[in-house]
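Q: Input structure: data.cif, which contains mmCIF, C-alpha atoms.
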```cif
data_model
loop_
_atom_site.group_PDB
_atom_site.id
_atom_site.type_symbol
_atom_site.label_atom_id
_atom_site.label_comp_id
_atom_site.auth_asym_id
_atom_site.auth_seq_id
_atom_site.Cartn_x
_atom_site.Cartn_y
_atom_site.Cartn_z
ATOM 1 C CA MET A 1 -26.003 25.350 -3.872
ATOM 2 C CA THR A 2 -27.392 25.189 -7.406
ATOM 3 C CA ARG A 3 -24.997 26.512 -10.045
ATOM 4 C CA LYS A 4 -26.236 29.704 -11.658
ATOM 5 C CA ILE A 5 -25.624 30.516 -15.321
ATOM 6 C CA LEU A 6 -26.234 33.837 -17.056
ATOM 7 C CA ILE A 7 -27.074 33.606 -20.769
ATOM 8 C CA VAL A 8 -26.679 36.817 -22.773
ATOM 9 C CA GLU A 9 -28.194 36.082 -26.178
ATOM 10 C CA ASP A 10 -30.417 38.304 -28.324
ATOM 11 C CA ASP A 11 -31.799 35.473 -30.459
ATOM 12 C CA ALA A 12 -34.881 34.307 -28.564
ATOM 13 C CA ALA A 13 -34.859 30.809 -30.073
ATOM 14 C CA THR A 14 -31.222 30.193 -29.144
ATOM 15 C CA ALA A 15 -31.680 31.657 -25.664
ATOM 16 C CA GLY A 16 -34.739 29.472 -25.091
ATOM 17 C CA TYR A 17 -32.933 26.369 -26.338
ATOM 18 C CA LEU A 18 -29.996 27.005 -24.005
ATOM 19 C CA ALA A 19 -32.174 27.853 -21.019
ATOM 20 C CA LYS A 20 -34.283 24.723 -21.461
ATOM 21 C CA GLY A 21 -31.322 22.398 -21.877
ATOM 22 C CA LEU A 22 -29.302 23.843 -19.014
ATOM 23 C CA GLY A 23 -32.349 23.966 -16.770
ATOM 24 C CA GLU A 24 -32.960 20.265 -17.419
ATOM 25 C CA ALA A 25 -29.298 19.649 -16.574
ATOM 26 C CA GLY A 26 -29.884 21.102 -13.110
ATOM 27 C CA PHE A 27 -28.616 24.642 -13.539
ATOM 28 C CA ALA A 28 -30.446 27.779 -12.468
ATOM 29 C CA VAL A 29 -30.554 29.984 -15.569
ATOM 30 C CA GLU A 30 -31.197 33.661 -16.174
ATOM 31 C CA THR A 31 -31.313 35.183 -19.656
ATOM 32 C CA CYS A 32 -31.115 38.638 -21.151
ATOM 33 C CA GLY A 33 -30.764 39.883 -24.716
ATOM 34 C CA ASP A 34 -28.665 43.010 -24.375
ATOM 35 C CA GLY A 35 -24.972 43.447 -23.600
ATOM 36 C CA ARG A 36 -25.540 46.327 -21.203
ATOM 37 C CA ASP A 37 -28.110 44.321 -19.265
ATOM 38 C CA GLY A 38 -25.677 41.409 -19.250
ATOM 39 C CA LEU A 39 -22.951 43.592 -17.785
ATOM 40 C CA PHE A 40 -25.314 44.845 -15.079
ATOM 41 C CA LEU A 41 -26.398 41.330 -14.114
ATOM 42 C CA ALA A 42 -22.872 39.899 -14.212
ATOM 43 C CA SER A 43 -21.676 42.703 -11.935
ATOM 44 C CA GLU A 44 -23.931 41.405 -9.153
ATOM 45 C CA GLY A 45 -21.467 38.547 -8.705
ATOM 46 C CA ILE A 46 -24.117 35.860 -8.192
ATOM 47 C CA PHE A 47 -23.415 33.726 -11.275
ATOM 48 C CA ASP A 48 -21.060 30.771 -11.593
ATOM 49 C CA LEU A 49 -20.762 31.034 -15.388
ATOM 50 C CA ILE A 50 -21.571 33.496 -18.179
ATOM 51 C CA ILE A 51 -22.496 32.395 -21.704
ATOM 52 C CA ALA A 52 -22.568 35.315 -24.148
ATOM 53 C CA ASP A 53 -23.200 35.781 -27.833
ATOM 54 C CA ARG A 54 -20.565 37.884 -29.544
ATOM 55 C CA MET A 55 -22.934 40.115 -31.522
ATOM 56 C CA LEU A 56 -25.279 41.790 -29.051
ATOM 57 C CA PRO A 57 -27.293 45.013 -29.033
ATOM 58 C CA GLY A 58 -26.309 47.708 -26.571
ATOM 59 C CA LEU A 59 -22.820 46.342 -25.978
ATOM 60 C CA ASN A 60 -21.182 43.545 -27.946
ATOM 61 C CA GLY A 61 -20.070 40.387 -26.197
ATOM 62 C CA LEU A 62 -16.354 41.148 -26.315
ATOM 63 C CA ALA A 63 -16.828 44.621 -24.863
ATOM 64 C CA MET A 64 -19.155 43.256 -22.199
ATOM 65 C CA ILE A 65 -16.667 40.624 -21.067
ATOM 66 C CA GLY A 66 -13.826 43.150 -21.206
ATOM 67 C CA ALA A 67 -15.798 45.457 -18.894
ATOM 68 C CA ILE A 68 -16.547 42.562 -16.535
ATOM 69 C CA ARG A 69 -12.841 41.718 -16.318
ATOM 70 C CA ALA A 70 -11.898 45.379 -15.865
ATOM 71 C CA ALA A 71 -14.247 45.454 -12.863
ATOM 72 C CA GLY A 72 -12.308 42.585 -11.303
ATOM 73 C CA ILE A 73 -15.035 39.974 -11.804
ATOM 74 C CA ARG A 74 -13.482 36.580 -12.540
ATOM 75 C CA THR A 75 -16.666 34.614 -13.336
ATOM 76 C CA PRO A 76 -15.865 32.093 -16.102
ATOM 77 C CA ALA A 77 -17.180 33.280 -19.480
ATOM 78 C CA LEU A 78 -17.852 31.357 -22.689
ATOM 79 C CA ILE A 79 -18.510 33.117 -25.980
ATOM 80 C CA LEU A 80 -20.900 31.699 -28.570
ATOM 81 C CA SER A 81 -20.457 33.076 -32.078
ATOM 82 C CA ALA A 82 -20.941 32.334 -35.741
ATOM 83 C CA LEU A 83 -17.600 34.084 -36.354
ATOM 84 C CA ALA A 84 -15.287 31.123 -36.724
ATOM 85 C CA THR A 85 -11.831 32.208 -37.924
ATOM 86 C CA VAL A 86 -8.741 31.768 -35.789
ATOM 87 C CA ASP A 87 -8.482 35.549 -35.418
ATOM 88 C CA ASP A 88 -12.092 35.701 -34.203
ATOM 89 C CA ARG A 89 -11.419 33.091 -31.535
ATOM 90 C CA VAL A 90 -8.176 34.765 -30.481
ATOM 91 C CA ASP A 91 -9.965 38.126 -30.170
ATOM 92 C CA GLY A 92 -12.539 36.510 -27.890
ATOM 93 C CA LEU A 93 -9.917 34.994 -25.618
ATOM 94 C CA HIS A 94 -7.922 38.228 -25.538
ATOM 95 C CA ALA A 95 -11.086 40.078 -24.476
ATOM 96 C CA GLY A 96 -11.191 37.944 -21.328
ATOM 97 C CA ALA A 97 -13.327 34.968 -22.321
ATOM 98 C CA ASP A 98 -12.284 31.585 -20.976
ATOM 99 C CA ASP A 99 -13.621 29.627 -23.946
ATOM 100 C CA TYR A 100 -15.055 30.219 -27.419
ATOM 101 C CA LEU A 101 -17.601 27.931 -29.101
ATOM 102 C CA VAL A 102 -18.597 28.380 -32.729
ATOM 103 C CA LYS A 103 -22.238 28.231 -33.863
ATOM 104 C CA PRO A 104 -23.809 25.912 -34.784
ATOM 105 C CA PHE A 105 -22.758 23.710 -31.890
ATOM 106 C CA SER A 106 -23.881 20.492 -30.251
ATOM 107 C CA PHE A 107 -25.395 20.722 -26.804
ATOM 108 C CA ALA A 108 -23.206 17.813 -25.701
ATOM 109 C CA GLU A 109 -20.060 19.783 -26.522
ATOM 110 C CA LEU A 110 -21.419 22.897 -24.807
ATOM 111 C CA SER A 111 -22.172 20.849 -21.672
ATOM 112 C CA ALA A 112 -18.669 19.384 -21.676
ATOM 113 C CA ARG A 113 -17.103 22.811 -21.986
ATOM 114 C CA ILE A 114 -19.277 24.170 -19.173
ATOM 115 C CA GLU A 115 -18.247 21.290 -16.919
ATOM 116 C CA ALA A 116 -14.576 21.910 -17.725
ATOM 117 C CA LEU A 117 -14.861 25.641 -16.973
ATOM 118 C CA LEU A 118 -16.625 25.003 -13.671
ATOM 119 C CA ARG A 119 -14.067 22.375 -12.650
ATOM 120 C CA ARG A 120 -11.248 24.795 -13.354
ATOM 121 C CA ALA A 121 -12.977 27.569 -11.423
ATOM 122 C CA ASP A 122 -13.515 25.215 -8.476
ATOM 123 C CA ARG A 123 -9.864 24.167 -8.543
ATOM 124 C CA ILE A 124 -8.654 27.767 -8.575
ATOM 125 C CA ALA A 125 -11.061 28.673 -5.799
ATOM 126 C CA GLY A 126 -9.895 25.696 -3.772
ATOM 127 C CA GLU A 127 -6.272 26.759 -4.140
ATOM 128 C CA THR A 128 -6.910 30.340 -3.090
ATOM 129 C CA GLN A 129 -9.923 30.101 -0.822
ATOM 130 C CA THR A 130 -9.434 30.974 2.820
ATOM 131 C CA THR A 131 -10.925 28.693 5.430
ATOM 132 C CA ARG A 132 -11.840 31.604 7.687
ATOM 133 C CA LEU A 133 -13.699 34.852 7.189
ATOM 134 C CA ILE A 134 -13.121 37.625 9.724
ATOM 135 C CA VAL A 135 -15.182 40.803 10.009
ATOM 136 C CA GLY A 136 -14.147 42.878 13.011
ATOM 137 C CA ASP A 137 -14.453 40.614 16.053
ATOM 138 C CA LEU A 138 -16.645 38.130 14.168
ATOM 139 C CA GLU A 139 -14.918 34.972 12.922
ATOM 140 C CA ILE A 140 -16.401 32.327 10.626
ATOM 141 C CA ASP A 141 -14.724 28.940 10.232
ATOM 142 C CA LEU A 142 -15.860 27.682 6.823
ATOM 143 C CA LEU A 143 -14.569 24.145 7.301
ATOM 144 C CA ALA A 144 -16.020 23.544 10.760
ATOM 145 C CA ARG A 145 -19.034 25.759 9.950
ATOM 146 C CA THR A 146 -18.742 27.520 13.281
ATOM 147 C CA VAL A 147 -19.125 31.178 14.204
ATOM 148 C CA ALA A 148 -17.680 33.122 17.115
ATOM 149 C CA ARG A 149 -17.660 36.747 18.172
ATOM 150 C CA GLU A 150 -15.171 38.042 20.724
ATOM 151 C CA GLY A 151 -14.212 34.392 21.048
ATOM 152 C CA ARG A 152 -17.713 33.409 22.159
ATOM 153 C CA PRO A 153 -19.337 30.672 20.044
ATOM 154 C CA ILE A 154 -22.634 31.485 18.311
ATOM 155 C CA ALA A 155 -24.965 28.675 17.244
ATOM 156 C CA LEU A 156 -26.508 29.178 13.797
ATOM 157 C CA GLY A 157 -28.830 27.078 11.668
ATOM 158 C CA ALA A 158 -27.715 25.988 8.201
ATOM 159 C CA ARG A 159 -29.610 28.759 6.397
ATOM 160 C CA GLU A 160 -28.371 31.388 8.863
ATOM 161 C CA PHE A 161 -24.789 30.215 8.383
ATOM 162 C CA ASN A 162 -25.100 30.386 4.581
ATOM 163 C CA LEU A 163 -26.592 33.862 4.838
ATOM 164 C CA LEU A 164 -23.829 35.071 7.164
ATOM 165 C CA GLU A 165 -21.146 33.549 4.935
ATOM 166 C CA PHE A 166 -22.590 35.345 1.894
ATOM 167 C CA LEU A 167 -22.685 38.651 3.778
ATOM 168 C CA ALA A 168 -19.128 38.123 5.040
ATOM 169 C CA ARG A 169 -17.828 37.408 1.539
ATOM 170 C CA HIS A 170 -19.219 40.835 0.622
ATOM 171 C CA ALA A 171 -18.140 42.506 3.867
ATOM 172 C CA GLY A 172 -18.361 46.283 3.698
ATOM 173 C CA GLN A 173 -20.606 46.121 0.624
ATOM 174 C CA VAL A 174 -24.358 46.517 0.372
ATOM 175 C CA VAL A 175 -26.004 43.153 -0.301
ATOM 176 C CA THR A 176 -29.482 43.509 -1.773
ATOM 177 C CA ARG A 177 -32.500 41.354 -0.978
ATOM 178 C CA THR A 178 -32.514 40.195 -4.605
ATOM 179 C CA MET A 179 -28.924 38.958 -4.317
ATOM 180 C CA MET A 180 -29.766 37.019 -1.149
ATOM 181 C CA LEU A 181 -32.971 35.550 -2.600
ATOM 182 C CA GLU A 182 -31.094 34.291 -5.651
ATOM 183 C CA LYS A 183 -27.960 33.007 -3.941
ATOM 184 C CA ILE A 184 -29.398 31.595 -0.705
ATOM 185 C CA TRP A 185 -32.980 30.678 -1.628
ATOM 186 C CA ASN A 186 -32.500 30.161 -5.374
ATOM 187 C CA TYR A 187 -35.456 32.448 -6.144
ATOM 188 C CA HIS A 188 -35.332 34.225 -9.492
ATOM 189 C CA PHE A 189 -38.306 36.352 -8.570
ATOM 190 C CA ASP A 190 -39.565 38.200 -5.526
ATOM 191 C CA PRO A 191 -41.918 35.761 -3.785
ATOM 192 C CA GLY A 192 -43.710 38.680 -2.159
ATOM 193 C CA SER A 193 -42.741 37.590 1.339
ATOM 194 C CA ASN A 194 -40.420 38.956 3.982
ATOM 195 C CA VAL A 195 -38.310 35.789 4.108
ATOM 196 C CA VAL A 196 -35.035 37.727 3.848
ATOM 197 C CA ASP A 197 -35.962 40.224 6.553
ATOM 198 C CA VAL A 198 -37.127 37.476 8.917
ATOM 199 C CA HIS A 199 -33.856 35.564 8.564
ATOM 200 C CA ILE A 200 -31.808 38.754 8.829
ATOM 201 C CA GLY A 201 -33.663 39.606 12.033
ATOM 202 C CA ARG A 202 -32.883 36.206 13.547
ATOM 203 C CA LEU A 203 -29.265 36.374 12.448
ATOM 204 C CA ARG A 204 -28.846 39.897 13.806
ATOM 205 C CA ARG A 205 -30.125 38.903 17.238
ATOM 206 C CA LYS A 206 -27.664 36.031 17.421
ATOM 207 C CA ILE A 207 -24.571 37.984 16.353
ATOM 208 C CA GLU A 208 -25.360 41.288 18.091
ATOM 209 C CA GLU A 209 -27.270 40.703 21.347
ATOM 210 C CA GLY A 210 -24.888 40.856 24.285
ATOM 211 C CA PHE A 211 -22.152 42.529 22.253
ATOM 212 C CA ALA A 212 -21.053 46.139 22.510
ATOM 213 C CA SER A 213 -21.448 47.219 18.888
ATOM 214 C CA PRO A 214 -23.683 46.402 15.909
ATOM 215 C CA ILE A 215 -22.147 44.564 12.967
ATOM 216 C CA LEU A 216 -25.092 43.889 10.633
ATOM 217 C CA HIS A 217 -26.422 47.175 9.304
ATOM 218 C CA THR A 218 -29.603 47.982 7.409
ATOM 219 C CA VAL A 219 -29.063 50.240 4.405
ATOM 220 C CA ARG A 220 -32.475 51.786 3.949
ATOM 221 C CA GLY A 221 -33.993 51.161 0.550
ATOM 222 C CA ALA A 222 -31.032 49.043 -0.580
ATOM 223 C CA GLY A 223 -30.291 46.020 1.597
ATOM 224 C CA TYR A 224 -27.845 45.038 4.317
ATOM 225 C CA ARG A 225 -24.129 45.446 5.034
ATOM 226 C CA LEU A 226 -21.924 43.365 7.334
ATOM 227 C CA SER A 227 -19.218 45.623 8.711
ATOM 228 C CA ALA A 228 -17.449 46.421 11.964
ATOM 229 C CA GLU A 229 -17.628 50.066 10.942
ATOM 230 C CA ILE A 230 -20.887 51.933 11.471
#
```
Could the structure of this file be written out as structure tokens, please?

A:
Amino acid sequence: MTRKILIVEDDAATAGYLAKGLGEAGFAVETCGDGRDGLFLASEGIFDLIIADRMLPGLNGLAMIGAIRAAGIRTPALILSALATVDDRVDGLHAGADDYLVKPFSFAELSARIEALLRRADRIAGETQTTRLIVGDLEIDLLARTVAREGRPIALGAREFNLLEFLARHAGQVVTRTMMLEKIWNYHFDPGSNVVDVHIGRLRRKIEEGFASPILHTVRGAGYRLSAEI
């Protein structure tokens, strides 16, 4: 899947420069110019990396990252700032940032730091990641990419498997259509179609028909929830 980066930067020129460069490098980029909006977006858990200015309206970058960490979100975060003293950099790292880059900066150095942060995140994920996801009597083997319920194998297409995996990683939580569009289809806008609902319908038939209890629930007006509990 395409790596997704959130840029929280109130200077439009800088935000545009970053978005253009990272987009050309193959990343999917979303920008916002306010710390509170950045916190809201980061809390969705759909980004692979956060780049944040330190001085932001609404909520400064350090406070934003501190709130993200307090919420248990471990997404790698890099602070960009014109504040360049050792104490400034230490404050940023203590707030929960993984790296601190002083403005002005070269795009080549930024790219190298991003690659390093993503490699480290992948390594940590690889060390801690389970190879199976279990929700009630539904079991997903992530290595073999197989699914079974009550021990009975269920054949899924690639998109259906990715969708089920995403739902299972958020088991018990409401997953919105926007989250699924961005993570599974890489849409950063609502295409005005019912693509999510169509795929959910197909997936639901495969994992529920012939079984005693529902496991994929519609949360009216919000999204969907994968749970063995009704």

Q: Please indicate the distance in Å from CA of Val196 (chain A) to CA of Val174 (chain A), rounded to one decimal place.

A: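 These two atoms are separated by 14.3 Å.
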
Q: For this file, the PyMOL selection byres ((chain A and resi 52) around 8) selects which residues, as a ChimeraX atom specification?

A: /A:7-9,50-51,53-54,61,77-80

Q: How many Å lie between CA of Gly172 (chain A) and CA of Ala228 (chain A), rounded to one decimal?

A: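 Spanning CA of Gly172 (chain A) to CA of Ala228 (chain A) is a straight-line distance of 8.3 Å.
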
Q: So that I can see what lies close to Thr176 (chain A), please list as number ranges by chain the residues with an atom at most 7 Å from it, counting all atoms listed in the file and leaving out residues fewer than 5 positions away in the same chain.

A: A: 222-224

Q: Would you write out those residues with C-alpha atoms, as a PDB file, in the frame of the given file?

A:
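Final output, again-v2.pdb:
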```pdb
ATOM      1  CA  ALA A 222     -31.032  49.043  -0.580  1.00  0.00           C
ATOM      2  CA  GLY A 223     -30.291  46.020   1.597  1.00  0.00           C
ATOM      3  CA  TYR A 224     -27.845  45.038   4.317  1.00  0.00           C
TER       4      TYR A 224
END
```

Q: In Å, rounded to a single decimal, give me how far CA of Arg169 (chain A) is from CA of Ile124 (chain A).

A: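 Atom-to-atom, CA of Ile124 (chain A) and CA of Arg169 (chain A) are spaced 16.7 Å apart.
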
Q: Excluding Ala63 (chain A) and its own-chain neighbours fewer than 5 positions away, which residues fall within 12 Å of it when counting all atoms listed in the file? Please give them as a ChimeraX atom specification.

A: /A:34-36,38-39,52-58,68-70,79,91-97

Q: For a cutoff of 12 Å around the file-coordinate point (-13.9, 34.7, -38.0), which residues qualify once you count all atoms listed in the file? I'd like the result as a list in words.

A: Arg54, Ser81, Ala82, Leu83, Ala84, Thr85, Val86, Asp87, Asp88, Arg89, Val90, Asp91, Gly92, Tyr100, Leu101, Val102 and Lys103 of chain A

Q: Just checking: using only C-alpha atoms, which residue out of A:Ala171, A:Leu164, A:Leu181, A:Ala108 ends up closest to Arg202 (chain A)?

A: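 Answer, going by the shortest atom-to-atom distance: A:Leu164.
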
Q: Given the choices A:Asn186, A:Ser193, A:Gln173, A:Thr2, which gets closest to Val219 (chain A) if the distance is worked out from only C-alpha atoms?

A: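 Of all the options, A:Gln173 lies closest to Val219 (chain A).
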
Q: Kindly reconstruct region 113-137 of chain A with N, CA and C atoms and present the result as a short mmCIF file (atom, residue, chain, number, x, y, z; two decimals), in the coordinates of the input.

A:
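Saved result, out-v8.cif, follows:
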```cif
data_model
loop_
_atom_site.label_atom_id
_atom_site.label_comp_id
_atom_site.auth_asym_id
_atom_site.auth_seq_id
_atom_site.Cartn_x
_atom_site.Cartn_y
_atom_site.Cartn_z
N ARG A 113 -17.91 21.61 -22.20
CA ARG A 113 -17.10 22.81 -21.99
C ARG A 113 -17.51 23.52 -20.69
N ILE A 114 -18.80 23.56 -20.42
CA ILE A 114 -19.28 24.17 -19.17
C ILE A 114 -18.71 23.42 -17.97
N GLU A 115 -18.78 22.09 -18.02
CA GLU A 115 -18.25 21.29 -16.92
C GLU A 115 -16.76 21.54 -16.72
N ALA A 116 -16.02 21.66 -17.82
CA ALA A 116 -14.58 21.91 -17.73
C ALA A 116 -14.30 23.28 -17.11
N LEU A 117 -15.05 24.29 -17.52
CA LEU A 117 -14.86 25.64 -16.97
C LEU A 117 -15.19 25.69 -15.48
N LEU A 118 -16.26 25.01 -15.08
CA LEU A 118 -16.62 25.00 -13.67
C LEU A 118 -15.62 24.23 -12.84
N ARG A 119 -15.10 23.13 -13.38
CA ARG A 119 -14.07 22.38 -12.65
C ARG A 119 -12.83 23.23 -12.45
N ARG A 120 -12.43 23.95 -13.48
CA ARG A 120 -11.25 24.80 -13.35
C ARG A 120 -11.48 25.91 -12.35
N ALA A 121 -12.66 26.50 -12.38
CA ALA A 121 -12.98 27.57 -11.42
C ALA A 121 -12.97 27.03 -10.00
N ASP A 122 -13.51 25.82 -9.81
CA ASP A 122 -13.52 25.22 -8.48
C ASP A 122 -12.09 24.94 -8.00
N ARG A 123 -11.25 24.47 -8.91
CA ARG A 123 -9.86 24.17 -8.54
C ARG A 123 -9.12 25.44 -8.13
N ILE A 124 -9.31 26.50 -8.90
CA ILE A 124 -8.65 27.77 -8.57
C ILE A 124 -9.16 28.30 -7.25
N ALA A 125 -10.48 28.20 -7.06
CA ALA A 125 -11.06 28.67 -5.80
C ALA A 125 -10.54 27.87 -4.62
N GLY A 126 -10.39 26.55 -4.84
CA GLY A 126 -9.90 25.70 -3.77
C GLY A 126 -8.45 26.01 -3.40
N GLU A 127 -7.67 26.44 -4.39
CA GLU A 127 -6.27 26.76 -4.14
C GLU A 127 -6.10 28.09 -3.43
N THR A 128 -7.06 28.99 -3.64
CA THR A 128 -6.91 30.34 -3.09
C THR A 128 -7.88 30.66 -1.97
N GLN A 129 -8.87 29.79 -1.78
CA GLN A 129 -9.92 30.10 -0.82
C GLN A 129 -9.42 30.02 0.61
N THR A 130 -9.75 31.01 1.40
CA THR A 130 -9.43 30.97 2.82
C THR A 130 -10.42 30.08 3.53
N THR A 131 -10.02 29.53 4.65
CA THR A 131 -10.92 28.69 5.43
C THR A 131 -11.61 29.49 6.53
N ARG A 132 -11.23 30.75 6.67
CA ARG A 132 -11.84 31.60 7.69
C ARG A 132 -12.18 32.97 7.10
N LEU A 133 -13.30 33.49 7.53
CA LEU A 133 -13.70 34.85 7.19
C LEU A 133 -13.79 35.65 8.49
N ILE A 134 -13.15 36.80 8.51
CA ILE A 134 -13.12 37.62 9.72
C ILE A 134 -13.64 39.02 9.39
N VAL A 135 -14.63 39.45 10.14
CA VAL A 135 -15.18 40.80 10.01
C VAL A 135 -15.19 41.41 11.41
N GLY A 136 -14.26 42.32 11.67
CA GLY A 136 -14.15 42.88 13.01
C GLY A 136 -13.83 41.78 14.00
N ASP A 137 -14.67 41.65 15.04
CA ASP A 137 -14.45 40.61 16.05
C ASP A 137 -15.28 39.35 15.78
#
```
